[in-house]
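query-v3.txt, holding compact mmCIF, C-alpha atoms:
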```txt
# COMPACT_ATOMS: atom_id res chain seq x y z
CA MET V 1 10.02 -1.63 37.17
CA ALA V 2 9.99 -3.81 34.07
CA PRO V 3 13.32 -4.36 32.29
CA PRO V 4 13.84 -2.20 29.19
CA ALA V 5 12.91 -3.60 25.82
CA SER V 6 15.81 -5.07 23.87
CA VAL V 7 17.09 -2.86 21.09
CA ARG V 8 18.14 -4.47 17.80
CA LYS V 9 20.02 -2.77 15.05
CA PRO V 10 17.89 -2.80 11.90
CA ASP V 11 18.78 -5.22 9.13
CA ASP V 12 19.44 -3.06 6.08
CA ALA V 13 19.83 -5.95 3.61
CA PHE V 14 17.15 -4.79 1.20
CA PHE V 15 15.57 -1.67 2.67
CA THR V 16 15.36 1.30 0.34
CA PRO V 17 18.11 3.93 0.84
CA LEU V 18 15.51 6.34 2.24
CA ASP V 19 14.23 3.75 4.73
CA ASN V 20 17.78 3.13 5.92
CA VAL V 21 18.30 6.83 6.63
CA LEU V 22 15.07 6.99 8.64
CA LEU V 23 15.77 3.80 10.57
CA ASP V 24 19.22 5.07 11.52
CA VAL V 25 17.55 8.15 13.03
CA LEU V 26 14.94 6.14 14.94
CA TYR V 27 17.48 3.75 16.37
CA ARG V 28 19.77 6.62 17.33
CA ASP V 29 16.81 8.01 19.32
CA ILE V 30 16.28 4.66 21.03
CA ASN V 31 19.91 4.18 21.99
CA ASN V 32 20.54 7.81 22.97
CA HIS V 33 17.18 9.01 24.23
CA ASP V 34 18.82 10.72 27.22
CA ASP V 35 21.03 12.89 24.98
CA LYS V 36 20.54 16.61 24.69
CA ALA V 37 17.62 17.65 22.50
CA ASN V 38 19.66 20.20 20.54
CA GLU V 39 22.19 17.60 19.44
CA ALA V 40 19.45 15.22 18.31
CA SER V 41 17.69 18.05 16.49
CA ASP V 42 20.83 18.87 14.50
CA GLN V 43 21.20 15.23 13.51
CA ASP V 44 17.54 15.09 12.46
CA GLU V 45 18.00 18.18 10.32
CA SER V 46 21.02 16.64 8.61
CA ALA V 47 19.10 13.43 7.88
CA LEU V 48 16.12 15.43 6.61
CA LYS V 49 18.32 17.34 4.18
CA LEU V 50 19.73 14.05 2.93
CA LEU V 51 16.24 12.59 2.37
CA LYS V 52 15.14 15.70 0.50
CA SER V 53 18.23 15.61 -1.71
CA TYR V 54 17.31 12.12 -2.97
CA ASN V 55 14.08 13.59 -4.37
CA ASP V 56 15.44 16.88 -5.72
CA PRO V 57 16.23 16.62 -9.46
CA THR V 58 18.62 19.57 -9.17
CA HIS V 59 20.72 17.93 -6.43
CA PRO V 60 23.70 15.65 -7.16
CA ASN V 61 22.22 13.03 -4.80
CA PHE V 62 19.00 12.75 -6.81
CA GLN V 63 18.15 9.23 -7.91
CA PRO V 64 15.00 8.22 -9.79
CA THR V 65 13.45 4.85 -9.02
CA ILE V 66 13.91 2.76 -12.18
CA THR V 67 12.89 -0.68 -10.92
CA CYS V 68 11.79 -2.04 -7.56
CA THR V 69 14.39 -4.77 -7.52
CA TRP V 70 17.66 -2.85 -7.94
CA ASP V 71 18.95 0.53 -6.87
CA TYR V 72 20.80 2.24 -9.70
CA ASP V 73 23.08 5.24 -9.58
CA VAL V 74 22.14 7.14 -12.74
CA ASN V 75 25.55 8.81 -12.70
CA ASP V 76 27.04 5.45 -13.68
CA PHE V 77 25.22 5.62 -17.02
CA ARG V 78 26.31 9.08 -18.10
CA SER V 79 29.32 7.52 -19.85
CA PRO V 80 28.18 3.99 -20.78
CA ARG V 81 30.92 1.37 -20.79
CA ASN V 82 29.01 -1.47 -22.47
CA ILE V 83 25.82 -2.32 -24.35
CA ARG V 84 23.84 -2.92 -21.14
CA GLU V 85 24.65 0.52 -19.78
CA THR V 86 23.98 2.13 -23.17
CA VAL V 87 20.51 0.55 -23.30
CA LEU V 88 19.79 1.60 -19.71
CA GLN V 89 20.89 5.16 -20.39
CA PHE V 90 18.64 5.32 -23.45
CA TYR V 91 15.72 3.88 -21.47
CA ILE V 92 16.20 6.25 -18.52
CA ASN V 93 16.36 9.30 -20.80
CA TRP V 94 13.23 8.21 -22.66
CA ALA V 95 11.25 7.15 -19.57
CA ARG V 96 11.91 10.51 -17.91
CA THR V 97 9.86 12.10 -20.70
CA VAL V 98 7.01 9.63 -20.11
CA ALA V 99 6.74 9.68 -16.30
CA ARG V 100 4.94 12.61 -14.70
CA HIS V 101 7.56 12.99 -11.97
CA PRO V 102 11.34 12.63 -12.46
CA THR V 103 11.45 10.04 -9.67
CA ASP V 104 8.81 7.78 -11.23
CA ILE V 105 10.53 5.91 -14.05
CA VAL V 106 9.52 2.77 -12.14
CA PHE V 107 5.87 3.31 -13.14
CA VAL V 108 6.83 3.28 -16.81
CA SER V 109 8.85 0.12 -16.15
CA HIS V 110 5.86 -1.60 -14.54
CA ILE V 111 3.39 -0.59 -17.22
CA LEU V 112 5.69 -1.95 -19.93
CA LEU V 113 6.27 -5.12 -17.92
CA TYR V 114 2.56 -5.86 -17.62
CA PHE V 115 1.81 -5.10 -21.26
CA PHE V 116 4.61 -7.39 -22.44
CA THR V 117 3.95 -10.26 -20.00
CA ALA V 118 0.50 -10.37 -18.37
CA LEU V 119 -1.47 -9.21 -21.41
CA PRO V 120 0.10 -11.60 -23.99
CA SER V 121 -0.16 -14.46 -21.50
CA ALA V 122 -3.87 -13.79 -20.98
CA ILE V 123 -4.54 -13.56 -24.71
CA TYR V 124 -2.68 -16.80 -25.40
CA LEU V 125 -4.66 -18.64 -22.71
CA PHE V 126 -7.82 -17.85 -24.66
CA TYR V 127 -6.14 -18.87 -27.91
CA ASP V 128 -4.66 -22.18 -26.70
CA PHE V 129 -5.39 -23.08 -23.08
CA HIS V 130 -3.10 -25.40 -21.13
CA LEU V 131 -3.58 -26.04 -17.43
CA LEU V 132 0.11 -25.64 -16.61
CA HIS V 133 0.12 -22.25 -18.35
CA GLY V 134 -3.02 -21.34 -16.42
CA PHE V 135 -1.37 -22.05 -13.06
CA ALA V 136 1.82 -20.26 -14.09
CA HIS V 137 -0.26 -17.27 -15.18
CA ILE V 138 -2.21 -16.98 -11.95
CA LEU V 139 0.97 -17.29 -9.86
CA TYR V 140 2.55 -14.49 -11.88
CA ILE V 141 -0.54 -12.29 -11.55
CA VAL V 142 -0.63 -12.81 -7.79
CA TRP V 143 3.05 -11.85 -7.63
CA CYS V 144 2.40 -8.69 -9.66
CA SER V 145 -0.92 -7.66 -8.15
CA GLY V 146 0.53 -5.94 -5.08
CA ALA V 147 2.85 -3.65 -7.03
CA PHE V 148 0.18 -3.04 -9.69
CA THR V 149 -2.43 -2.14 -7.08
CA LEU V 150 -0.10 0.30 -5.35
CA MET V 151 0.86 1.82 -8.70
CA MET V 152 -2.87 2.31 -9.26
CA HIS V 153 -3.07 3.69 -5.72
CA ASN V 154 -0.79 6.49 -6.89
CA HIS V 155 -2.76 6.78 -10.13
CA ILE V 156 -6.16 7.25 -8.50
CA HIS V 157 -4.93 9.75 -5.90
CA ASN V 158 -3.07 11.89 -8.44
CA ASN V 159 -5.23 11.47 -11.52
CA GLY V 160 -2.52 9.59 -13.38
CA VAL V 161 1.18 8.80 -13.28
CA LEU V 162 2.33 9.77 -16.78
CA SER V 163 3.19 13.13 -18.34
CA LYS V 164 0.65 15.25 -20.21
CA SER V 165 1.97 14.07 -23.57
CA TYR V 166 0.78 10.57 -22.68
CA ALA V 167 -2.50 11.62 -21.07
CA ALA V 168 -4.66 9.50 -23.39
CA PHE V 169 -2.66 6.35 -22.66
CA ASP V 170 -2.53 7.26 -18.94
CA TRP V 171 -6.33 7.27 -18.92
CA THR V 172 -6.64 4.11 -21.04
CA PHE V 173 -4.14 1.60 -19.66
CA PRO V 174 -5.97 0.94 -16.35
CA TYR V 175 -9.04 -0.25 -18.24
CA ILE V 176 -6.89 -2.83 -20.03
CA LEU V 177 -4.78 -4.01 -17.10
CA GLU V 178 -7.16 -3.72 -14.12
CA PRO V 179 -9.34 -6.74 -15.01
CA LEU V 180 -6.21 -8.87 -15.58
CA MET V 181 -4.97 -8.02 -12.07
CA GLY V 182 -8.27 -8.75 -10.32
CA HIS V 183 -9.80 -5.26 -10.24
CA THR V 184 -13.18 -4.30 -11.54
CA TRP V 185 -13.09 -1.09 -13.56
CA ASP V 186 -12.71 2.01 -11.36
CA SER V 187 -14.11 0.36 -8.22
CA TYR V 188 -10.78 0.76 -6.41
CA TYR V 189 -10.98 4.52 -6.99
CA TYR V 190 -14.55 4.82 -5.72
CA HIS V 191 -14.06 2.57 -2.72
CA HIS V 192 -10.67 3.92 -1.67
CA CYS V 193 -10.78 7.63 -2.54
CA LYS V 194 -14.48 8.41 -2.34
CA ALA V 195 -15.34 6.28 0.68
CA HIS V 196 -12.35 5.07 2.73
CA HIS V 197 -10.45 8.36 2.78
CA VAL V 198 -13.63 10.34 3.38
CA GLU V 199 -14.56 8.23 6.42
CA GLY V 200 -11.04 7.39 7.69
CA ASN V 201 -11.83 3.99 9.29
CA GLY V 202 -14.80 5.56 11.05
CA PRO V 203 -18.18 3.90 11.58
CA ASN V 204 -19.42 4.66 8.06
CA ASP V 205 -16.28 3.40 6.33
CA LEU V 206 -17.15 0.21 4.43
CA SER V 207 -13.74 -1.22 5.33
CA SER V 208 -13.80 0.03 8.93
CA THR V 209 -12.35 -2.32 11.54
CA ILE V 210 -13.69 -0.66 14.68
CA ARG V 211 -16.78 -2.89 15.10
CA TYR V 212 -14.63 -6.02 15.08
CA GLN V 213 -12.48 -7.73 17.69
CA ARG V 214 -9.36 -7.41 15.63
CA ASP V 215 -7.52 -10.50 16.84
CA SER V 216 -10.53 -12.75 16.29
CA LYS V 217 -10.48 -15.20 13.38
CA LEU V 218 -14.28 -15.30 13.32
CA ASP V 219 -14.59 -11.53 13.18
CA PHE V 220 -11.98 -11.35 10.43
CA LEU V 221 -13.85 -13.99 8.42
CA HIS V 222 -17.04 -11.95 8.70
CA TYR V 223 -15.14 -8.83 7.63
CA GLU V 224 -13.57 -10.61 4.67
CA LEU V 225 -16.73 -12.32 3.43
CA ARG V 226 -18.80 -9.16 3.64
CA PHE V 227 -16.41 -7.30 1.37
CA LEU V 228 -16.01 -10.24 -1.00
CA LEU V 229 -19.73 -10.96 -1.38
CA LEU V 230 -21.45 -7.62 -0.78
CA CYS V 231 -19.15 -4.86 -2.02
CA TRP V 232 -21.29 -4.57 -5.16
CA PHE V 233 -24.25 -3.70 -2.89
CA ASP V 234 -22.61 -1.87 0.03
CA LEU V 235 -20.66 0.68 -2.01
CA PRO V 236 -23.61 2.00 -4.05
CA ARG V 237 -25.71 1.99 -0.87
CA TYR V 238 -23.05 4.09 0.89
CA PHE V 239 -23.19 6.70 -1.87
CA ILE V 240 -27.00 6.71 -1.77
CA ASN V 241 -26.92 7.23 2.02
CA THR V 242 -24.49 10.14 1.56
CA ARG V 243 -26.68 11.55 -1.25
CA LYS V 244 -24.04 11.05 -3.92
CA TYR V 245 -26.44 9.48 -6.35
CA ASN V 246 -24.26 9.99 -9.38
CA LEU V 247 -21.43 8.01 -7.74
CA ALA V 248 -23.90 5.32 -6.67
CA PHE V 249 -25.05 4.89 -10.26
CA ARG V 250 -21.51 4.83 -11.60
CA VAL V 251 -20.15 2.27 -9.17
CA ALA V 252 -23.22 0.02 -9.48
CA THR V 253 -22.89 0.10 -13.25
CA ILE V 254 -19.16 -0.64 -13.09
CA GLU V 255 -19.47 -3.52 -10.63
CA LEU V 256 -22.42 -5.19 -12.32
CA SER V 257 -20.98 -4.76 -15.82
CA SER V 258 -17.69 -6.32 -14.63
CA TYR V 259 -19.54 -9.32 -13.18
CA THR V 260 -21.65 -9.61 -16.32
CA ALA V 261 -18.54 -9.58 -18.51
CA MET V 262 -16.92 -12.35 -16.43
CA TYR V 263 -20.13 -14.39 -16.57
CA LEU V 264 -20.48 -14.08 -20.34
CA LEU V 265 -16.81 -14.88 -20.90
CA ALA V 266 -17.13 -17.93 -18.64
CA ARG V 267 -20.16 -19.10 -20.64
CA TRP V 268 -18.12 -18.76 -23.82
CA ASN V 269 -14.79 -20.21 -22.63
CA PHE V 270 -14.72 -21.14 -18.96
CA LYS V 271 -11.16 -22.37 -18.32
CA PRO V 272 -9.18 -19.34 -19.53
CA THR V 273 -11.79 -17.02 -17.99
CA LEU V 274 -11.29 -18.75 -14.65
CA PHE V 275 -7.52 -18.20 -14.66
CA VAL V 276 -7.44 -14.82 -16.39
CA PHE V 277 -10.32 -13.00 -14.67
CA ILE V 278 -12.22 -14.90 -11.97
CA LEU V 279 -9.36 -16.23 -9.81
CA PRO V 280 -7.41 -12.92 -9.89
CA PHE V 281 -10.62 -11.12 -8.85
CA ILE V 282 -11.26 -13.42 -5.87
CA ILE V 283 -7.63 -13.53 -4.74
CA LEU V 284 -7.16 -9.77 -4.98
CA ARG V 285 -10.30 -8.94 -3.02
CA ILE V 286 -9.27 -11.34 -0.27
CA GLY V 287 -5.79 -9.80 -0.27
CA LEU V 288 -7.10 -6.24 -0.14
CA MET V 289 -9.02 -6.89 3.06
CA ILE V 290 -6.17 -8.83 4.66
CA GLY V 291 -4.01 -5.79 4.00
CA ASN V 292 -6.58 -3.27 5.19
CA TRP V 293 -7.09 -5.25 8.40
CA GLY V 294 -3.35 -5.03 9.06
CA GLN V 295 -3.35 -1.30 8.29
CA HIS V 296 -6.22 -0.46 10.64
CA ALA V 297 -6.37 -3.24 13.25
CA LEU V 298 -4.37 -1.37 15.90
CA VAL V 299 -6.68 1.49 16.85
CA ASP V 300 -6.27 3.68 19.92
CA ASP V 301 -9.24 3.33 22.27
CA VAL V 302 -8.89 6.89 23.61
CA GLU V 303 -8.61 8.86 20.36
CA PRO V 304 -9.56 6.54 17.48
CA THR V 305 -10.31 9.45 15.14
CA SER V 306 -6.63 10.47 15.02
CA ASP V 307 -4.77 9.39 11.88
CA PHE V 308 -1.69 8.93 14.07
CA ARG V 309 -3.57 6.49 16.29
CA SER V 310 -5.78 4.58 13.84
CA SER V 311 -3.14 3.57 11.30
CA ILE V 312 0.47 2.46 11.39
CA THR V 313 3.85 2.92 9.71
CA LEU V 314 5.89 0.02 8.35
CA ILE V 315 9.53 0.20 7.38
CA ASP V 316 9.84 -3.05 5.47
CA VAL V 317 10.83 -4.45 2.09
CA PRO V 318 7.50 -5.70 0.62
CA SER V 319 5.58 -2.50 1.40
CA ASN V 320 8.20 0.13 0.65
CA ARG V 321 10.58 -1.34 -1.91
CA PHE V 322 8.07 -3.32 -3.98
CA CYS V 323 4.89 -1.34 -3.30
CA PHE V 324 5.98 2.30 -3.47
CA ASN V 325 6.23 3.17 0.24
CA ASP V 326 2.82 1.75 1.07
CA GLY V 327 4.19 1.12 4.55
CA TYR V 328 3.87 4.81 5.38
CA HIS V 329 0.14 4.47 5.87
CA THR V 330 -0.16 7.11 8.57
CA SER V 331 1.66 9.62 6.37
CA HIS V 332 -0.66 8.74 3.51
CA HIS V 333 -3.78 9.34 5.62
CA LEU V 334 -2.36 12.64 6.85
CA ASN V 335 -1.97 13.75 3.23
CA PRO V 336 -3.44 11.40 0.59
CA LEU V 337 -1.92 13.50 -2.21
CA ARG V 338 1.63 13.28 -0.88
CA HIS V 339 4.03 11.83 -3.43
CA TRP V 340 5.10 8.31 -2.51
CA ARG V 341 8.83 9.12 -2.46
CA GLU V 342 8.25 11.95 0.04
CA HIS V 343 6.80 9.79 2.84
CA PRO V 344 10.11 9.11 4.67
CA GLN V 345 11.04 12.80 4.77
CA ALA V 346 7.48 13.74 5.80
CA PHE V 347 7.70 11.22 8.65
CA LEU V 348 11.04 12.59 9.82
CA ALA V 349 9.83 16.20 9.59
CA ALA V 350 6.87 15.28 11.83
CA LYS V 351 8.74 12.79 14.03
CA GLU V 352 8.05 14.68 17.25
CA ARG V 353 4.32 14.73 16.50
CA TYR V 354 4.37 10.98 15.76
CA SER V 355 6.12 10.45 19.09
CA LYS V 356 3.75 12.63 21.12
CA GLU V 357 0.70 10.97 19.54
CA GLY V 358 1.97 7.47 20.38
CA ALA V 359 2.05 6.40 16.72
CA LEU V 360 3.11 2.84 15.93
CA VAL V 361 6.14 2.06 13.75
CA PHE V 362 7.17 -1.48 12.79
CA GLN V 363 10.12 -2.87 10.89
CA ASN V 364 10.68 -6.06 8.88
CA ILE V 365 7.00 -7.00 8.80
CA ASP V 366 4.30 -6.30 6.20
CA TYR V 367 0.55 -5.82 6.53
CA LEU V 368 -0.27 -9.41 5.60
CA GLU V 369 1.98 -10.75 8.33
CA ILE V 370 0.62 -8.25 10.84
CA THR V 371 -2.86 -9.61 10.15
CA TYR V 372 -1.58 -13.17 10.55
CA ARG V 373 0.21 -12.38 13.82
CA LEU V 374 -2.88 -10.64 15.19
CA LEU V 375 -5.19 -13.52 14.31
CA THR V 376 -2.80 -15.94 16.01
CA LYS V 377 -2.55 -13.50 18.96
CA ASN V 378 1.22 -13.46 18.71
CA TYR V 379 1.68 -10.08 20.34
CA ALA V 380 5.16 -10.97 21.55
CA TYR V 381 6.36 -11.21 17.95
CA LEU V 382 4.66 -7.95 17.01
CA ALA V 383 6.31 -6.24 19.98
CA LYS V 384 9.72 -7.43 18.76
CA GLN V 385 9.08 -5.84 15.36
CA LEU V 386 7.96 -2.54 16.91
CA VAL V 387 10.37 0.37 16.62
CA PRO V 388 9.54 2.25 19.83
CA ILE V 389 9.29 6.03 19.65
CA GLY V 390 8.50 8.65 22.28
CA SER V 391 7.16 7.19 25.53
CA GLN V 392 7.37 3.66 24.09
CA ILE V 393 11.17 3.80 24.44
CA GLY V 394 12.17 1.96 27.60
CA MET V 395 9.03 -0.18 27.76
CA SER V 396 9.62 -3.91 28.12
CA GLN V 397 8.61 -6.37 25.44
CA GLN V 398 5.73 -7.51 27.64
CA GLU V 399 4.52 -3.95 28.12
CA LEU V 400 4.69 -3.29 24.38
CA ALA V 401 2.78 -6.50 23.69
CA GLU V 402 0.03 -5.56 26.15
CA MET V 403 -0.21 -2.09 24.64
CA LEU V 404 -0.74 -3.64 21.20
CA ARG V 405 -3.32 -6.08 22.56
CA ARG V 406 -5.41 -3.22 23.99
CA LYS V 407 -5.55 -1.59 20.55
CA THR V 408 -7.44 -4.53 19.00
CA ARG V 409 -10.51 -4.26 21.22
CA ARG V 410 -13.91 -4.00 19.56
CA PHE V 411 -15.69 -0.66 20.01
CA SER V 412 -19.25 -0.79 21.30
CA GLU V 413 -21.96 1.21 19.54
CA LYS V 414 -22.13 3.50 22.59
CA GLU V 415 -18.39 4.19 22.32
CA ILE V 416 -18.65 4.77 18.60
CA ALA V 417 -21.46 7.28 19.07
CA ALA V 418 -19.40 9.15 21.68
CA LYS V 419 -15.96 9.06 20.07
CA PHE V 420 -16.99 9.59 16.45
CA ALA V 421 -19.64 12.23 17.08
CA LYS V 422 -19.47 14.99 14.46
```
File written out as structure tokens:
Amino acid sequence: MAPPASVRKPDDAFFTPLDNVLLDVLYRDINNHDDKANEASDQDESALKLLKSYNDPTHPNFQPTITCTWDYDVNDFRSPRNIRETVLQFYINWARTVARHPTDIVFVSHILLYFFTALPSAIYLFYDFHLLHGFAHILYIVWCSGAFTLMMHNHIHNNGVLSKSYAAFDWTFPYILEPLMGHTWDSYYYHHCKAHHVEGNGPNDLSSTIRYQRDSKLDFLHYELRFLLLCWFDLPRYFINTRKYNLAFRVATIELSSYTAMYLLARWNFKPTLFVFILPFIILRIGLMIGNWGQHALVDDVEPTSDFRSSITLIDVPSNRFCFNDGYHTSHHLNPLRHWREHPQAFLAAKERYSKEGALVFQNIDYLEITYRLLTKNYAYLAKQLVPIGSQIGMSQQELAEMLRRKTRRFSEKEIAAKFAK
């Protein structure tokens, strides 16, 4: 019998408060998996109530997310003691009227940040270009693009993030900011909502990973280049094949008009166009597929159509603190309309189902690093970052690594026809 896998206490240095609650529960299960079920169930219920209280505006524990970088206790600002706290109290009270959900002040913060930094920087590059400014601009955009994209992820799934009073601006601001962050107008919505979530990493999904050996650098390069060079063709073709001709026309128009705009701007003033539009576009599209590979590289070979078995959950800082709980990818596929702050409580409420399905949960690693570790075949490292649940508890590190390796195998066309038959 292989020795049991080592159990490490999670590092809570910069996890969100909700992630810390969930990790405490998962590690309690690991360390006490022989305890009575009733006792564990009571503890789960207590943790679930705590998670729900963080999101309930009527509960004393409720805390809105104001910024990604710091956790504030809004109760501290009810009686401001200095100018800083007075300004924060004023901002919180105002932003609550702008955000659609009481938790989502952070979206207002990000929109303001981009309009007061990225937009003026881009305009000034066209007014007076300097190479050093160009490099500083592109580095800043790359830093912001993850959070912006995941804010837009919430926007496209919920038809906006702002209150009804700001509906016109809620509709308008993506068309101003998207090109600056590397997106073509609306293509993220059509590709992600109208194709990826419809197909669920199946054979007709344009970003599907199942036909690739998912620890192969060559296969990943093919996957990456196809999306980068042919998305403008593949996405309209997908909608034509599914007889959604209106969507095909829209996305073709959007993609080609975006490319035309970049071309004409480059003809007029190449250097600022390169740093403001072209480089962000290339970098973002590469990044999107690196991330999607990490999200859907570990696919169960027995039941690949299960959302529990074809996607993963990450409890980490980059995905959850800075990118609005993007680490809860399984939860998102189970319910694409679920509010981002509710993912930890949804996971805990369905913890037994996750365990029975053999779902994968990792800590302290993001999707980009998962892709890197897979392409370098470093399964031992991935096994160390796995938070074992259900039958995974008690497996050795070697056994966990071999389990992960099996989940990267390419599916043959015969297997695809059998397992994805409708």
Atom pair CA of Glu413 in chain V / CA of Leu218 in chain V: separation (Å): 19.2 Å
Exercise: Cys68 in chain V partners within 9 Å, all atoms listed in the file, chain neighbours under 3 positions left out, as JSON, numbers by chain: {"V": [65, 71, 106, 321, 322, 323, 324]}
Spatial neighbours of Val299 in chain V, max dist 9 Å, only C-alpha atoms, sep filter under 4 positions, as a list in words: Thr209, Ile210, Glu303, Pro304, Thr305, Arg309, Ser310, Ser311, Leu404, Arg406, Lys407, Thr408 and Arg409 of chain V
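When all atoms listed in the file are used to measure the gap to Gly291 in chain V, the shortest distance among V:Phe169, V:Trp94, V:Phe135, V:Tyr367 belongs to V:Tyr367.
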Selection near Gln63 in chain V, 12 Å with only C-alpha atoms, sequence-local residues under 3 positions removed, as a ChimeraX atom specification: /V:16-18,50-60,66-67,71-76,92,96,101-106,341
Selection near Val276 in chain V, 12 Å with all atoms listed in the file, sequence-local residues under 6 positions removed, as a ChimeraX atom specification: /V:118-126,129,131,133-142,177-183,262,265-266,269-270,282-283
Shell of 7 Å around range 375-382 of chain V, all atoms listed in the file, local chain residues under 4 positions omitted, as a ChimeraX atom specification: /V:215-217,371,386,397,401,404-405
Sel. within 12 Å of pt (-8.0, -0.6, -14.4), counting all atoms listed in the file, output as JSON, numbers by chain: {"V": [111, 145, 148, 149, 151, 152, 153, 155, 156, 160, 170, 171, 172, 173, 174, 175, 176, 177, 178, 179, 180, 181, 182, 183, 184, 185, 186, 187, 188, 189, 254, 258]}
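If you look at CA of Arg250 in chain V and CA of His191 in chain V, they are 11.8 Å away from each other.
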Taking all atoms listed in the file into account, produce a table as a tab-separated table in which each residue of range 290-335 of chain V with an atom at most 9 Å from an atom of range 342-349 of chain V appears once, together with its shortest atom pair and the distance in Å to one decimal, ordered by chain and rising number.
```
residue	atom	partner	partner_atom	distance
V:Asn325	CA	V:His343	CA	7.1
V:Tyr328	CA	V:His343	CA	6.3
V:Thr330	CA	V:Phe347	CA	8.9
V:Ser331	CA	V:His343	CA	6.2
V:His332	CA	V:His343	CA	7.6
```
With only C-alpha atoms counted and 8 Å as the cut-off, give the residues of range 102-212 of chain V in contact with range 336-340 of chain V, each with its shortest interatomic distance in Å and the pair that gives it, as JSON lines.
```
{"residue": "V:Asn154", "atom": "CA", "partner": "V:Trp340", "partner_atom": "CA", "distance": 7.6}
{"residue": "V:His157", "atom": "CA", "partner": "V:Leu337", "partner_atom": "CA", "distance": 6.1}
{"residue": "V:Asn158", "atom": "CA", "partner": "V:Leu337", "partner_atom": "CA", "distance": 6.5}
{"residue": "V:His197", "atom": "CA", "partner": "V:Pro336", "partner_atom": "CA", "distance": 7.9}
```
Atom pair CA of Asn201 in chain V / CA of Leu298 in chain V: separation (Å):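 Interatomic distance, CA of Asn201 in chain V to CA of Leu298 in chain V: 11.3 Å.
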Which of V:Phe420, V:Tyr114, V:Phe411, V:Phe275 sits closest to Asp301 in chain V [using all atoms listed in the file]: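 So, comparing all the options, the nearest one is V:Phe411.
With only C-alpha atoms as the atoms that count, the residue of V:Cys144, V:Leu22, V:Ile370, V:Ala417 with the shortest distance to Pro280 in chain V is V:Cys144.
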Radius query 10 Å about (14.2, 3.1, 11.3), atoms used: only C-alpha atoms, as a ChimeraX atom specification: /V:9-12,15,18-29,314-316,344,361-363,387-388
V:Met403, V:Ile83, V:Ala95, V:Leu132 ranked by distance to Pro272 in chain V, top pick (using only C-alpha atoms): V:Leu132
Closest pair table for range 157-213 of chain V residues within 10 Å of range 222-238 of chain V, all atoms listed in the file, as JSON lines:
```
{"residue": "V:Ser187", "atom": "CA", "partner": "V:Leu235", "partner_atom": "CA", "distance": 9.0}
{"residue": "V:Tyr190", "atom": "CA", "partner": "V:Leu235", "partner_atom": "CA", "distance": 8.3}
{"residue": "V:His191", "atom": "CA", "partner": "V:Leu235", "partner_atom": "CA", "distance": 6.9}
{"residue": "V:Lys194", "atom": "CA", "partner": "V:Leu235", "partner_atom": "CA", "distance": 9.9}
{"residue": "V:Ala195", "atom": "CA", "partner": "V:Tyr238", "partner_atom": "CA", "distance": 8.0}
{"residue": "V:Asn204", "atom": "CA", "partner": "V:Tyr238", "partner_atom": "CA", "distance": 8.1}
{"residue": "V:Asp205", "atom": "CA", "partner": "V:Tyr238", "partner_atom": "CA", "distance": 8.7}
{"residue": "V:Leu206", "atom": "CA", "partner": "V:Asp234", "partner_atom": "CA", "distance": 7.3}
{"residue": "V:Ser207", "atom": "CA", "partner": "V:Phe227", "partner_atom": "CA", "distance": 7.7}
{"residue": "V:Ser208", "atom": "CA", "partner": "V:Tyr223", "partner_atom": "CA", "distance": 9.1}
{"residue": "V:Thr209", "atom": "CA", "partner": "V:Tyr223", "partner_atom": "CA", "distance": 8.1}
{"residue": "V:Arg211", "atom": "CA", "partner": "V:Tyr223", "partner_atom": "CA", "distance": 9.7}
{"residue": "V:Tyr212", "atom": "CA", "partner": "V:Tyr223", "partner_atom": "CA", "distance": 8.0}
```
